[in-house]
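A short write-up of the structure that comes next.
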Amino acid sequence: MQAYLDDPTIEKKGRDIAKAKGKAGEGKAWLHEPDMCAGRAPEDISGVGDSRTNSIIGGNSRTIADTIMALPNDSKIEKFRYILKIT
């Protein structure tokens with residue numbers, strides 16, 4: 001995650017790969033799984049999903065990453081759940 005946060009070319013590469021695939025469809029977006037920020041895998045596009053949901057998650061990826069990065073180094077995380085509150 002830290003490498004993604006420090007290197008803007010990773011996000012650009014992911015966006016370029018998604019753009020090269022063409023349009024995902026009306027109201028749809030190409031999904032990176034794991035998320036580009038969390039997984040640092042811009043070439044891993046797993047399919048198509050709702051563009052609004054994808055934008056909300058992507059727009060909050062830095063906050064989510066900061067939350068994860070703030071955990072103690074000896075944390076054993078098996079599952080991570082982040083609750084996004086929209087007000």
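In the structure tokens, chains take the letters A, B, ... in the order shown, each chain's residues start at 1, and ligands count up from 1 in the order shown.
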Do you know which residues are at most 9 Å from Arg52 of chain A counting only C-alpha atoms, after dropping those on the same chain fewer than 6 positions away, and could you put them as an MDAnalysis selection string? chainID A and resid 27:29
Among chain A, which ones does DSSP assign to helix (DSSP H, G or I) (computed from the backbone)? Answer as an MDAnalysis selection string. chainID A and resid 2:6 8:20 36:39 51:59 61:69
Just the residues within 10 Å of Ala18 of chain A, please, counting only C-alpha atoms, with nothing from its chain fewer than 6 positions along; format it as a PyMOL selection string. chain A and resi 12+24+29-32+42-45
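Checking A:Leu71, A:Ile83, A:Arg15, A:Leu5 one by one against Ile57 of chain A, counting only C-alpha atoms, you find the shortest gap at A:Ile83.
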Using only C-alpha atoms, can you tell me which of A:Pro72, A:Ala65, A:Gly58, A:Gly25 comes closest to Ala3 of chain A? A:Ala65
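Considering only chain A, backbone DSSP assigns strand (DSSP E) to Lys28, Ala29, Trp30, Leu31, His32, Ile45, Ser46, Gly47, Val48, Gly49 and Asp50 of chain A.
Coordinates place atom CA of Lys19 of chain A at a distance of 14.2 Å from atom CA of Ser46 of chain A.
Atom CA of Asp66 of chain A lies 15.1 Å from atom CA of Asp7 of chain A.
Comparing the minimum interatomic distances between Ser51 of chain A and each of A:Glu26, A:Met1, A:Thr63, A:Tyr82, counting only C-alpha atoms, we find that A:Glu26 sits nearest.
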Nearest to Ile64 of chain A by atom-to-atom distance, counting only C-alpha atoms, from A:Val48, A:Ile17, A:Arg81, A:Gly22: A:Arg81
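Interatomic distance, atom CA of Gly14 of chain A to atom CA of Gly59 of chain A: 14.7 Å.
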